[in-house]
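The file upload.tsv contains TSV, C-alpha atoms:
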chain	number	residue	atom	x	y	z
A	185	MET	CA	52.00	75.58	86.18
A	186	ASN	CA	55.10	76.96	84.53
A	187	THR	CA	58.01	75.15	86.13
A	188	ASN	CA	60.53	77.58	84.65
A	189	THR	CA	59.81	79.94	87.53
A	190	HIS	CA	60.93	77.31	90.03
A	191	LEU	CA	63.64	75.23	88.40
A	192	PRO	CA	66.74	76.52	86.62
A	193	ARG	CA	66.77	75.74	82.91
A	194	ALA	CA	69.93	75.42	80.83
A	195	ASP	CA	70.11	76.66	77.25
A	196	PHE	CA	73.05	75.02	75.58
A	197	GLY	CA	74.63	77.27	73.02
A	198	ARG	CA	77.79	77.00	71.07
A	199	ARG	CA	79.99	78.95	73.48
A	200	THR	CA	77.74	80.16	76.28
A	201	LEU	CA	75.75	78.33	78.94
A	202	VAL	CA	72.65	80.29	80.06
A	203	LEU	CA	71.01	79.25	83.33
A	204	ARG	CA	67.52	80.71	83.71
A	205	ARG	CA	65.22	80.97	86.70
A	206	GLY	CA	62.21	83.07	85.89
A	207	ARG	CA	63.46	86.41	84.67
A	208	ILE	CA	66.95	85.88	86.06
A	209	ALA	CA	69.56	84.63	83.60
A	210	VAL	CA	73.20	83.86	84.34
A	211	ARG	CA	75.55	83.54	81.37
A	212	LEU	CA	78.56	81.30	81.76
A	213	GLN	CA	81.30	80.96	79.17
A	214	TRP	CA	81.90	77.30	78.45
A	215	ARG	CA	85.66	77.74	78.44
A	216	SER	CA	85.59	79.51	81.81
A	217	VAL	CA	83.53	76.66	83.29
A	218	VAL	CA	85.95	74.05	81.93
A	219	VAL	CA	89.01	76.04	83.07
A	220	CYS	CA	87.63	76.53	86.59
A	221	THR	CA	86.77	72.83	86.85
A	222	ALA	CA	90.26	71.82	85.74
A	223	LEU	CA	91.85	74.30	88.14
A	224	ALA	CA	89.68	73.07	91.02
A	225	LEU	CA	90.73	69.47	90.39
A	226	THR	CA	94.39	70.52	90.18
A	227	VAL	CA	94.12	72.47	93.42
A	228	ALA	CA	92.47	69.49	95.17
A	229	ALA	CA	95.21	67.11	93.97
A	230	LEU	CA	97.96	69.50	95.08
A	231	ALA	CA	96.26	69.95	98.46
A	232	VAL	CA	96.24	66.18	99.03
A	233	LEU	CA	99.91	66.03	97.97
A	234	ALA	CA	100.73	68.82	100.43
A	235	LEU	CA	99.01	66.92	103.23
A	236	MET	CA	101.02	63.82	102.35
A	237	THR	CA	104.41	65.52	102.10
A	238	GLY	CA	106.67	66.34	105.02
A	239	SER	CA	109.23	64.89	107.38
A	240	TYR	CA	106.64	62.22	108.18
A	241	ALA	CA	105.34	60.99	104.82
A	242	LEU	CA	101.78	59.75	104.53
A	243	THR	CA	99.81	57.82	101.94
A	244	PRO	CA	96.70	59.19	100.19
A	245	GLY	CA	94.61	56.66	102.09
A	246	GLN	CA	95.91	57.88	105.45
A	247	VAL	CA	95.20	61.50	104.50
A	248	LEU	CA	91.64	60.75	103.40
A	249	SER	CA	91.01	58.63	106.49
A	250	ALA	CA	92.24	61.42	108.74
A	251	LEU	CA	90.06	63.98	106.97
A	252	THR	CA	86.96	61.80	107.26
A	253	GLY	CA	87.61	60.97	110.93
A	254	GLN	CA	88.39	57.30	110.36
A	255	GLU	CA	92.05	57.76	111.30
A	256	THR	CA	92.88	58.71	114.89
A	257	GLY	CA	96.00	59.32	116.91
A	258	PHE	CA	99.26	60.72	115.61
A	259	VAL	CA	98.34	60.60	111.91
A	260	ARG	CA	95.16	62.61	112.44
A	261	GLU	CA	97.05	65.19	114.49
A	262	ILE	CA	99.62	65.60	111.71
A	263	VAL	CA	96.99	66.03	109.00
A	264	VAL	CA	94.25	68.01	110.78
A	265	GLU	CA	96.18	70.06	113.33
A	266	TRP	CA	99.56	70.63	111.65
A	267	ARG	CA	99.28	70.52	107.88
A	268	LEU	CA	95.64	71.26	107.06
A	269	PRO	CA	95.59	74.81	108.54
A	270	ARG	CA	98.57	75.77	106.39
A	271	VAL	CA	97.05	74.26	103.24
A	272	ALA	CA	93.69	75.94	103.93
A	273	ALA	CA	95.41	79.28	104.56
A	274	ALA	CA	97.34	79.03	101.28
A	275	LEU	CA	94.16	78.29	99.33
A	276	VAL	CA	92.00	80.97	100.96
A	277	PHE	CA	94.66	83.69	100.97
A	278	GLY	CA	95.74	82.92	97.41
A	279	ALA	CA	92.15	83.16	96.18
A	280	ALA	CA	91.71	86.49	97.99
A	281	LEU	CA	94.85	87.93	96.40
A	282	GLY	CA	93.80	86.74	92.95
A	283	VAL	CA	90.40	88.43	93.21
A	284	SER	CA	91.99	91.60	94.61
A	285	GLY	CA	94.26	91.73	91.58
A	286	VAL	CA	91.31	91.35	89.21
A	287	VAL	CA	89.49	94.21	90.90
A	288	PHE	CA	92.37	96.66	90.59
A	289	GLN	CA	93.51	95.63	87.12
A	290	SER	CA	89.96	95.84	85.78
A	291	LEU	CA	89.14	99.04	87.64
A	292	LEU	CA	92.26	100.84	86.43
A	293	ARG	CA	92.39	99.04	83.06
A	294	ASN	CA	96.10	98.33	83.55
A	295	PRO	CA	97.79	94.90	83.88
A	296	LEU	CA	100.35	96.37	86.31
A	297	ALA	CA	97.71	97.56	88.79
A	298	ASP	CA	98.78	95.33	91.67
A	299	PRO	CA	97.95	96.23	95.32
A	300	GLY	CA	101.61	95.71	96.18
A	301	ILE	CA	102.88	97.99	93.43
A	302	ILE	CA	100.44	100.84	94.11
A	303	GLY	CA	101.13	100.89	97.84
A	304	PHE	CA	98.09	99.28	99.42
A	305	SER	CA	99.99	96.22	100.66
A	306	GLN	CA	102.68	98.47	102.14
A	307	GLY	CA	100.00	100.45	103.95
A	308	SER	CA	98.54	97.27	105.43
A	309	TYR	CA	102.06	96.18	106.45
A	310	THR	CA	102.62	99.56	108.12
A	311	GLY	CA	99.42	99.26	110.13
A	312	ALA	CA	100.31	95.74	111.19
A	313	LEU	CA	103.85	96.77	112.15
A	314	VAL	CA	102.53	99.53	114.38
A	315	VAL	CA	100.36	96.98	116.21
A	316	ILE	CA	103.24	94.48	116.50
A	317	LEU	CA	106.07	96.83	117.45
A	318	VAL	CA	104.34	99.71	119.22
A	319	VAL	CA	101.08	98.39	120.68
A	320	ASN	CA	102.19	94.74	121.06
A	321	GLY	CA	98.57	93.83	120.39
A	322	THR	CA	96.58	90.67	119.83
A	323	TYR	CA	95.75	89.05	116.51
A	324	THR	CA	92.38	90.80	116.39
A	325	GLN	CA	94.15	94.13	116.84
A	326	LEU	CA	96.62	93.08	114.15
A	327	VAL	CA	93.76	92.53	111.70
A	328	GLY	CA	92.31	95.92	112.59
A	329	GLY	CA	95.68	97.64	112.22
A	330	ALA	CA	96.29	96.09	108.81
A	331	LEU	CA	92.81	97.06	107.63
A	332	LEU	CA	93.15	100.62	108.89
A	333	GLY	CA	96.62	100.98	107.36
A	334	GLY	CA	95.47	99.67	103.99
A	335	MET	CA	92.32	101.80	103.97
A	336	ALA	CA	94.19	104.95	105.00
A	337	THR	CA	96.73	104.36	102.24
A	338	ALA	CA	93.97	103.78	99.69
A	339	VAL	CA	92.22	107.00	100.68
A	340	GLY	CA	95.51	108.93	100.57
A	341	VAL	CA	96.47	107.60	97.14
A	342	TYR	CA	92.96	108.23	95.84
A	343	VAL	CA	92.97	111.85	97.06
A	344	LEU	CA	96.46	112.56	95.74
A	345	ALA	CA	95.60	111.07	92.34
A	346	TYR	CA	92.24	112.83	92.03
A	347	ARG	CA	92.14	115.51	89.33
A	348	GLN	CA	88.52	115.87	88.17
A	349	GLY	CA	88.40	112.09	88.34
A	350	VAL	CA	90.93	109.33	88.83
A	351	GLN	CA	92.93	108.07	85.86
A	352	GLY	CA	94.52	104.64	86.15
A	353	PHE	CA	98.02	105.73	85.13
A	354	ARG	CA	98.05	108.65	87.59
A	355	LEU	CA	96.87	106.45	90.45
A	356	ILE	CA	99.60	103.89	89.72
A	357	VAL	CA	102.34	106.53	89.65
A	358	VAL	CA	101.11	108.10	92.90
A	359	GLY	CA	100.78	104.63	94.44
A	360	ILE	CA	104.37	103.74	93.56
A	361	GLY	CA	105.59	106.91	95.27
A	362	VAL	CA	103.49	106.29	98.38
A	363	SER	CA	104.68	102.67	98.44
A	364	ALA	CA	108.32	103.80	98.44
A	365	MET	CA	107.65	106.21	101.32
A	366	LEU	CA	105.85	103.56	103.37
A	367	GLY	CA	108.63	101.06	102.66
A	368	SER	CA	111.14	103.49	104.19
A	369	LEU	CA	108.85	104.00	107.20
A	370	ASN	CA	108.52	100.25	107.68
A	371	THR	CA	112.30	99.82	107.59
A	372	TRP	CA	112.70	102.59	110.18
A	373	LEU	CA	110.12	100.97	112.47
A	374	ILE	CA	111.97	97.64	112.32
A	375	LEU	CA	115.37	99.27	112.94
A	376	LYS	CA	114.06	101.11	116.01
A	377	ALA	CA	112.47	98.02	117.54
A	378	ASP	CA	114.00	95.54	119.95
A	379	LEU	CA	116.09	92.80	118.37
A	380	ASP	CA	113.60	89.98	119.00
A	381	GLN	CA	110.65	92.04	117.79
A	382	ALA	CA	112.61	93.24	114.76
A	383	MET	CA	113.59	89.70	113.74
A	384	SER	CA	110.01	88.49	114.14
A	385	ALA	CA	108.58	91.45	112.20
A	386	ALA	CA	111.15	91.10	109.41
A	387	ALA	CA	110.45	87.37	109.00
A	388	TRP	CA	106.70	87.97	109.04
A	389	GLY	CA	107.11	90.82	106.56
A	390	ALA	CA	108.52	88.43	103.96
A	391	GLY	CA	105.13	86.74	103.82
A	392	SER	CA	105.06	83.44	105.65
A	393	LEU	CA	102.53	80.74	106.47
A	394	ASN	CA	104.69	79.30	109.26
A	395	GLY	CA	102.71	78.95	112.44
A	396	VAL	CA	99.33	79.69	110.86
A	397	SER	CA	96.72	78.25	113.20
A	398	TRP	CA	93.05	77.43	112.83
A	399	ASP	CA	91.92	80.63	114.56
A	400	ARG	CA	93.66	82.77	111.94
A	401	VAL	CA	92.32	80.63	109.13
A	402	VAL	CA	88.75	80.79	110.46
A	403	ILE	CA	88.77	84.54	111.17
A	404	GLY	CA	90.50	85.36	107.91
A	405	GLY	CA	88.32	82.92	105.97
A	406	ILE	CA	85.09	84.47	107.25
A	407	CYS	CA	86.28	87.98	106.37
A	408	ILE	CA	87.46	86.87	102.93
A	409	ALA	CA	84.21	84.99	102.22
A	410	VAL	CA	82.18	88.15	102.89
A	411	LEU	CA	84.53	90.25	100.76
A	412	LEU	CA	84.43	87.76	97.88
A	413	LEU	CA	80.64	87.89	97.99
A	414	LEU	CA	80.79	91.70	97.80
A	415	ALA	CA	83.25	91.48	94.90
A	416	GLY	CA	80.84	89.21	93.04
A	417	MET	CA	77.98	91.63	93.64
A	418	LEU	CA	80.09	94.51	92.29
A	419	SER	CA	81.29	92.59	89.24
A	420	ARG	CA	78.48	93.90	87.04
A	421	PRO	CA	79.28	97.63	87.54
A	422	LEU	CA	82.98	96.77	87.27
A	423	ARG	CA	82.34	95.12	83.91
A	424	GLN	CA	80.46	98.19	82.68
A	425	MET	CA	83.11	100.59	83.99
A	426	GLN	CA	85.69	98.83	81.84
A	427	LEU	CA	83.94	100.41	78.84
A	428	GLY	CA	84.47	103.88	80.29
A	429	ASP	CA	82.88	105.99	82.99
A	430	GLY	CA	80.56	107.70	80.51
A	431	VAL	CA	79.21	104.44	79.14
A	432	ALA	CA	78.78	103.02	82.66
A	433	ALA	CA	76.94	106.13	83.83
A	434	SER	CA	74.63	105.99	80.81
A	435	GLN	CA	73.67	102.45	81.85
A	436	GLY	CA	72.67	103.55	85.34
A	437	VAL	CA	75.92	102.86	87.21
A	438	ARG	CA	76.82	105.33	89.96
A	439	VAL	CA	80.47	105.45	88.97
A	440	SER	CA	82.11	107.19	91.94
A	441	PRO	CA	80.41	105.13	94.70
A	442	ALA	CA	81.00	101.93	92.72
A	443	ARG	CA	84.69	102.74	92.24
A	444	LEU	CA	85.14	103.59	95.90
A	445	GLY	CA	83.37	100.39	96.96
A	446	LEU	CA	85.54	98.28	94.66
A	447	ILE	CA	88.72	99.90	95.97
A	448	LEU	CA	87.65	99.26	99.55
A	449	VAL	CA	86.86	95.60	98.80
A	450	GLY	CA	90.19	95.10	97.02
A	451	VAL	CA	92.14	96.76	99.84
A	452	ALA	CA	90.26	94.78	102.50
A	453	LEU	CA	91.11	91.49	100.75
A	454	THR	CA	94.80	92.41	100.65
A	455	ALA	CA	94.80	93.70	104.24
A	456	THR	CA	93.15	90.55	105.59
A	457	VAL	CA	95.83	88.38	104.01
A	458	THR	CA	98.59	90.71	105.21
A	459	ALA	CA	97.30	90.59	108.78
A	460	ALA	CA	97.31	86.79	108.81
A	461	SER	CA	100.52	85.97	106.96
A	462	GLY	CA	102.35	89.16	106.06
A	463	PRO	CA	102.50	90.65	102.55
A	464	ILE	CA	102.63	87.84	99.97
A	465	ALA	CA	103.84	89.61	96.86
A	466	PHE	CA	102.98	89.27	93.16
A	467	ILE	CA	100.14	86.74	93.35
A	468	SER	CA	97.60	89.53	92.84
A	469	LEU	CA	99.63	90.65	89.82
A	470	VAL	CA	100.13	87.26	88.17
A	471	ALA	CA	96.92	85.35	88.94
A	472	PRO	CA	94.51	87.62	86.98
A	473	GLN	CA	96.74	87.55	83.91
A	474	ILE	CA	97.07	83.76	83.92
A	475	GLY	CA	93.35	83.34	84.59
A	476	ARG	CA	92.46	85.66	81.71
A	477	ARG	CA	94.76	83.81	79.31
A	478	LEU	CA	93.41	80.41	80.33
A	479	ALA	CA	89.80	81.55	79.98
A	480	ARG	CA	90.63	83.46	76.77
A	481	THR	CA	88.41	86.35	77.66
A	482	ALA	CA	88.94	90.08	77.97
A	483	GLY	CA	86.21	90.43	80.60
A	484	ILE	CA	86.10	90.04	84.37
A	485	THR	CA	87.67	86.73	85.45
A	486	LEU	CA	86.99	86.55	89.19
A	487	ALA	CA	86.62	82.77	89.44
A	488	PRO	CA	89.62	81.79	87.24
A	489	ALA	CA	91.84	84.32	89.04
A	490	ALA	CA	90.72	82.99	92.44
A	491	PHE	CA	91.57	79.39	91.48
A	492	VAL	CA	94.90	80.42	89.92
A	493	GLY	CA	95.76	82.48	93.00
A	494	ALA	CA	95.01	79.53	95.29
A	495	LEU	CA	97.08	77.22	93.10
A	496	LEU	CA	100.04	79.62	92.94
A	497	CYS	CA	100.04	80.26	96.69
A	498	LEU	CA	99.86	76.57	97.59
A	499	ALA	CA	102.51	75.57	95.03
A	500	SER	CA	104.81	78.38	96.17
A	501	ASP	CA	104.41	77.35	99.80
A	502	GLN	CA	105.30	73.76	98.96
A	503	LEU	CA	108.41	74.93	97.13
A	504	ALA	CA	109.28	77.19	100.06
A	505	GLN	CA	109.06	74.27	102.48
A	506	HIS	CA	110.93	71.63	100.50
A	507	VAL	CA	113.18	73.23	97.87
A	508	ALA	CA	115.83	74.43	100.38
A	509	PRO	CA	117.44	72.77	103.40
A	510	THR	CA	115.72	75.36	105.63
A	511	PRO	CA	112.04	76.24	105.04
A	512	LEU	CA	111.63	79.67	103.44
A	513	PRO	CA	108.83	82.22	103.71
A	514	VAL	CA	106.35	81.76	100.88
A	515	GLY	CA	106.77	85.41	99.93
A	516	ILE	CA	110.35	84.78	98.80
A	517	VAL	CA	109.18	82.17	96.28
A	518	THR	CA	106.31	84.34	95.01
A	519	VAL	CA	108.71	87.27	94.53
A	520	VAL	CA	110.99	85.10	92.39
A	521	LEU	CA	108.12	83.71	90.31
A	522	GLY	CA	106.27	87.02	90.10
A	523	GLY	CA	109.39	89.00	89.29
A	524	GLY	CA	110.16	86.65	86.43
A	525	TYR	CA	106.62	86.95	85.11
A	526	LEU	CA	106.71	90.75	85.42
A	527	GLY	CA	109.94	90.82	83.41
A	528	TYR	CA	108.32	88.63	80.75
A	529	LEU	CA	105.26	90.88	80.68
A	530	LEU	CA	107.36	94.03	80.24
A	531	PHE	CA	109.50	92.36	77.56
A	532	THR	CA	106.52	91.22	75.51
A	533	GLU	CA	104.85	94.63	75.86
A	534	ALA	CA	108.04	96.36	74.67
A	535	ARG	CA	108.28	94.04	71.67
A	536	ARG	CA	104.64	94.62	70.80
A	537	ARG	CA	105.15	98.40	70.73
A	538	LEU	CA	108.23	98.18	68.48

Taking this structure as input, can you express it in the form of structure tokens?
Amino acid sequence: MNTNTHLPRADFGRRTLVLRRGRIAVRLQWRSVVVCTALALTVAALAVLALMTGSYALTPGQVLSALTGQETGFVREIVVEWRLPRVAAALVFGAALGVSGVVFQSLLRNPLADPGIIGFSQGSYTGALVVILVVNGTYTQLVGGALLGGMATAVGVYVLAYRQGVQGFRLIVVGIGVSAMLGSLNTWLILKADLDQAMSAAAWGAGSLNGVSWDRVVIGGICIAVLLLLAGMLSRPLRQMQLGDGVAASQGVRVSPARLGLILVGVALTATVTAASGPIAFISLVAPQIGRRLARTAGITLAPAAFVGALLCLASDQLAQHVAPTPLPVGIVTVVLGGGYLGYLLFTEARRRL
């Protein structure tokens, strides 16, 4: 009996690892595998450090004992109930934002195609603000409002940018205009609200992981896991669409449905994060670029971007908690880091064109 139809077989090439099972073959770039492994180990080490650090310092042994159930009492409550939900939220939400950035930057073939820049994050924020300030709804309603706001914004931008097809540059320009309009609407909603609601909405709007509980992590994690699976399934048509719509169509890709599906997945990832923690800016812009440079590939880098996004979000949250006398929203740190990276990106692009 031919065992190749039952067991995966690895063909070790110079740069590519090919895993075969029958007629199915998965090609993995060696450098991407090494980079993802290194990033995973770095993320794990930083997560343990985050669980150790705080007003009540812990040792690595105490953290591991609490995670494995060997430690009980106050130490376990600190690790499992207080710190672990925040660390898990940073990792899951950062990975979602990184993959969302890859989807839009690859789909529009533009390194500036960030959900925050082209208005989708603002739309999710608007939907969430309506639920918070007008409906005074529950967390489930907040998730629905953010999703509806992001989807409605995506559809509006797509329709306004459509001229016998959607060009990446046109969609970005239209998205920037829609984002500015929604930003003004969000400011008006906060100004018209009661003082307590306005302060809460403004703090949440900066992007914060303060008060993130296990229910938000579980609900958001399940939604993000499904969306990441869909993004992986759509990675093949996305890779072909990078070569042009004509080339993708000649290879059997239904371009318009695939593009719409990818936009919906990217918006849903951003909206899920926004509903749980508010809009965390610039991670979806920076993570794909760093992941692509580490992997040294011009193709789709879903896994490296997810690991980089998780690392950036967790590191930014640690800085936000401990760099200032008063804990800051994580979005403030990501804006500083992302704004600096955006300036560097624009500077290098300007020098390259000179």

- request: Please return, as a ChimeraX atom specification, all polymer residues that have at least one atom within 10 Å of the point (96.9, 73.0, 106.4); use all atoms listed in the file and the file's own coordinate frame.
  value: /A:231,234-235,262-275,393,396-398,401,498

field: Which of A:Arg420, A:Val232, A:Thr481, A:Ile408 sits closest to Ala432 in chain A [using all atoms listed in the file]
entry: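 Looking at the shortest contact to Ala432 in chain A, the residue is A:Arg420.
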
Exercise: Gly333 in chain A partners within 7 Å, all atoms listed in the file, chain neighbours under 5 positions left out, as a PDB file with C-alpha atoms, keeping the file's coordinate frame:
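Dumped to result.pdb:
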ATOM      1  CA  GLY A 307     100.000 100.450 103.950  1.00  0.00           C
ATOM      2  CA  SER A 308      98.540  97.270 105.430  1.00  0.00           C
ATOM      3  CA  THR A 310     102.620  99.560 108.120  1.00  0.00           C
ATOM      4  CA  GLY A 311      99.420  99.260 110.130  1.00  0.00           C
TER       5      GLY A 311
END

- prompt: From the set A:Leu248, A:Phe258, A:Pro299, A:Leu373, which residue has the shortest atom-to-atom contact distance to Val286 in chain A, counting all atoms listed in the file?
  reply: A:Pro299

Nearest candidate to Cys220 in chain A (options A:Val283, A:Leu486, A:Ile464, A:Ala452; using only C-alpha atoms):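 Selected residue with least distance to Cys220 in chain A: A:Leu486.
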
field: CA of Ile474 in chain A to CA of Leu495 in chain A, distance in Å rounded to a single decimal
entry: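 Rounded to one decimal, the two atoms are 11.3 Å apart.
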
What box, with edges along x, y and z, holds each listed atom of range 488-502 of chain A when 4 Å is added on every side, and can you state its centre and edge lengths in Å to one decimal, as lines of an AutoDock Vina configuration file?
center_x = 97.5
center_y = 79.0
center_z = 93.5
size_x = 23.7
size_y = 18.6
size_z = 20.6

query: Can you list, as a count of residues only, every protein, DNA or RNA residue that comes within 10 Å of Thr458 in chain A when you count all atoms listed in the file, leaving out same-chain residues fewer than 6 positions away?
result: 21

query: Pick from A:Gly278, A:Pro295, A:Gly253, A:Gly450: nearest to Leu526 in chain A, with all atoms listed in the file counted?
result: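 That would be A:Pro295, the residue with the smallest distance to Leu526 in chain A.
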
- prompt: List as number ranges by chain: which residues have an atom within 10 Å of (91.1, 91.9, 96.7), counting only C-alpha atoms?
  reply: A: 277, 279-288, 298-299, 408, 411-412, 415, 446-457, 468, 490

- prompt: Which residue, A:Leu366, A:Leu418, A:Leu292, A:Leu521, has the smallest gap to Leu313 in chain A when you use all atoms listed in the file?
  reply: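 Among the listed residues, the smallest separation from Leu313 in chain A belongs to A:Leu366.
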
message: Calculated over only C-alpha atoms, which of the candidates A:Ser239, A:Val314, A:Cys407, A:Ile302 has the smallest distance to Gly361 in chain A?
response: A:Ile302

task: Mind checking which residues fall within 8 Å of range 437-443 of chain A, counting all atoms listed in the file, ignoring those fewer than 4 positions away in the same chain, and posting them as a list in words?
output: Leu291, Leu418, Pro421, Leu422, Gln424, Met425, Asp429, Ala432, Ala433 and Ile447 of chain A

message: As an exercise, work out the distance from CA of Gly416 in chain A to CA of Ala487 in chain A in Å and give it to one decimal place.
response: 9.4 Å

Gap from CA of Arg215 in chain A to CA of Ala479 in chain A - Å, one decimal: 5.8 Å

- prompt: Leaving out Gly303 in chain A and any residue of its chain fewer than 3 positions from it, which residues lie within 6 Å of it when counting all atoms listed in the file, given as a list in words?
  reply: Gly300, Gln306, Gly359, Val362 and Ser363 of chain A

- request: Give me the residues within 12 Å of Val358 in chain A as JSON, numbers by chain, counting all atoms listed in the file and dropping any in the same chain fewer than 4 places off.
  value: {"A": [297, 301, 302, 303, 304, 337, 338, 339, 340, 341, 342, 343, 344, 345, 346, 350, 351, 352, 353, 354, 362, 363, 364, 365]}

Limited to C-alpha atoms, could you put the picked residues into a file as a PDB file, keeping the file's coordinate frame?
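As a result, result-v9.pdb now contains:
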ATOM      1  CA  ALA A 297      97.710  97.560  88.790  1.00  0.00           C
ATOM      2  CA  ILE A 301     102.880  97.990  93.430  1.00  0.00           C
ATOM      3  CA  ILE A 302     100.440 100.840  94.110  1.00  0.00           C
ATOM      4  CA  GLY A 303     101.130 100.890  97.840  1.00  0.00           C
ATOM      5  CA  PHE A 304      98.090  99.280  99.420  1.00  0.00           C
ATOM      6  CA  THR A 337      96.730 104.360 102.240  1.00  0.00           C
ATOM      7  CA  ALA A 338      93.970 103.780  99.690  1.00  0.00           C
ATOM      8  CA  VAL A 339      92.220 107.000 100.680  1.00  0.00           C
ATOM      9  CA  GLY A 340      95.510 108.930 100.570  1.00  0.00           C
ATOM     10  CA  VAL A 341      96.470 107.600  97.140  1.00  0.00           C
ATOM     11  CA  TYR A 342      92.960 108.230  95.840  1.00  0.00           C
ATOM     12  CA  VAL A 343      92.970 111.850  97.060  1.00  0.00           C
ATOM     13  CA  LEU A 344      96.460 112.560  95.740  1.00  0.00           C
ATOM     14  CA  ALA A 345      95.600 111.070  92.340  1.00  0.00           C
ATOM     15  CA  TYR A 346      92.240 112.830  92.030  1.00  0.00           C
ATOM     16  CA  VAL A 350      90.930 109.330  88.830  1.00  0.00           C
ATOM     17  CA  GLN A 351      92.930 108.070  85.860  1.00  0.00           C
ATOM     18  CA  GLY A 352      94.520 104.640  86.150  1.00  0.00           C
ATOM     19  CA  PHE A 353      98.020 105.730  85.130  1.00  0.00           C
ATOM     20  CA  ARG A 354      98.050 108.650  87.590  1.00  0.00           C
ATOM     21  CA  VAL A 362     103.490 106.290  98.380  1.00  0.00           C
ATOM     22  CA  SER A 363     104.680 102.670  98.440  1.00  0.00           C
ATOM     23  CA  ALA A 364     108.320 103.800  98.440  1.00  0.00           C
ATOM     24  CA  MET A 365     107.650 106.210 101.320  1.00  0.00           C
TER      25      MET A 365
END

Could you add whatever atoms are missing so that range 461-473 of chain A carries N, CA and C atoms, then write the result as a PDB file, in the frame of the given file?
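This went into selection-v8.pdb:
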ATOM      1  N   SER A 461      99.292  86.630 107.401  1.00  0.00           N
ATOM      2  CA  SER A 461     100.520  85.970 106.960  1.00  0.00           C
ATOM      3  C   SER A 461     101.615  86.917 106.526  1.00  0.00           C
ATOM      4  N   GLY A 462     101.384  88.216 106.601  1.00  0.00           N
ATOM      5  CA  GLY A 462     102.350  89.160 106.060  1.00  0.00           C
ATOM      6  C   GLY A 462     102.069  89.386 104.576  1.00  0.00           C
ATOM      7  N   PRO A 463     102.741  90.353 103.974  1.00  0.00           N
ATOM      8  CA  PRO A 463     102.500  90.650 102.550  1.00  0.00           C
ATOM      9  C   PRO A 463     103.075  89.579 101.634  1.00  0.00           C
ATOM     10  N   ILE A 464     102.219  88.849 100.950  1.00  0.00           N
ATOM     11  CA  ILE A 464     102.630  87.840  99.970  1.00  0.00           C
ATOM     12  C   ILE A 464     102.591  88.508  98.596  1.00  0.00           C
ATOM     13  N   ALA A 465     103.741  88.743  98.031  1.00  0.00           N
ATOM     14  CA  ALA A 465     103.840  89.610  96.860  1.00  0.00           C
ATOM     15  C   ALA A 465     103.533  88.868  95.563  1.00  0.00           C
ATOM     16  N   PHE A 466     103.065  89.619  94.579  1.00  0.00           N
ATOM     17  CA  PHE A 466     102.980  89.270  93.160  1.00  0.00           C
ATOM     18  C   PHE A 466     101.870  88.304  92.784  1.00  0.00           C
ATOM     19  N   ILE A 467     101.227  87.627  93.730  1.00  0.00           N
ATOM     20  CA  ILE A 467     100.140  86.740  93.350  1.00  0.00           C
ATOM     21  C   ILE A 467      98.985  87.542  92.761  1.00  0.00           C
ATOM     22  N   SER A 468      98.685  88.691  93.358  1.00  0.00           N
ATOM     23  CA  SER A 468      97.600  89.530  92.840  1.00  0.00           C
ATOM     24  C   SER A 468      97.957  90.155  91.501  1.00  0.00           C
ATOM     25  N   LEU A 469      99.223  90.174  91.134  1.00  0.00           N
ATOM     26  CA  LEU A 469      99.630  90.650  89.820  1.00  0.00           C
ATOM     27  C   LEU A 469      99.539  89.546  88.774  1.00  0.00           C
ATOM     28  N   VAL A 470      99.979  88.351  89.136  1.00  0.00           N
ATOM     29  CA  VAL A 470     100.130  87.260  88.170  1.00  0.00           C
ATOM     30  C   VAL A 470      98.828  86.505  87.959  1.00  0.00           C
ATOM     31  N   ALA A 471      98.096  86.216  89.034  1.00  0.00           N
ATOM     32  CA  ALA A 471      96.920  85.350  88.940  1.00  0.00           C
ATOM     33  C   ALA A 471      95.865  85.874  87.964  1.00  0.00           C
ATOM     34  N   PRO A 472      95.519  87.163  87.953  1.00  0.00           N
ATOM     35  CA  PRO A 472      94.510  87.620  86.980  1.00  0.00           C
ATOM     36  C   PRO A 472      94.962  87.461  85.534  1.00  0.00           C
ATOM     37  N   GLN A 473      96.249  87.667  85.274  1.00  0.00           N
ATOM     38  CA  GLN A 473      96.740  87.550  83.910  1.00  0.00           C
ATOM     39  C   GLN A 473      96.700  86.094  83.429  1.00  0.00           C
TER      40      GLN A 473
END
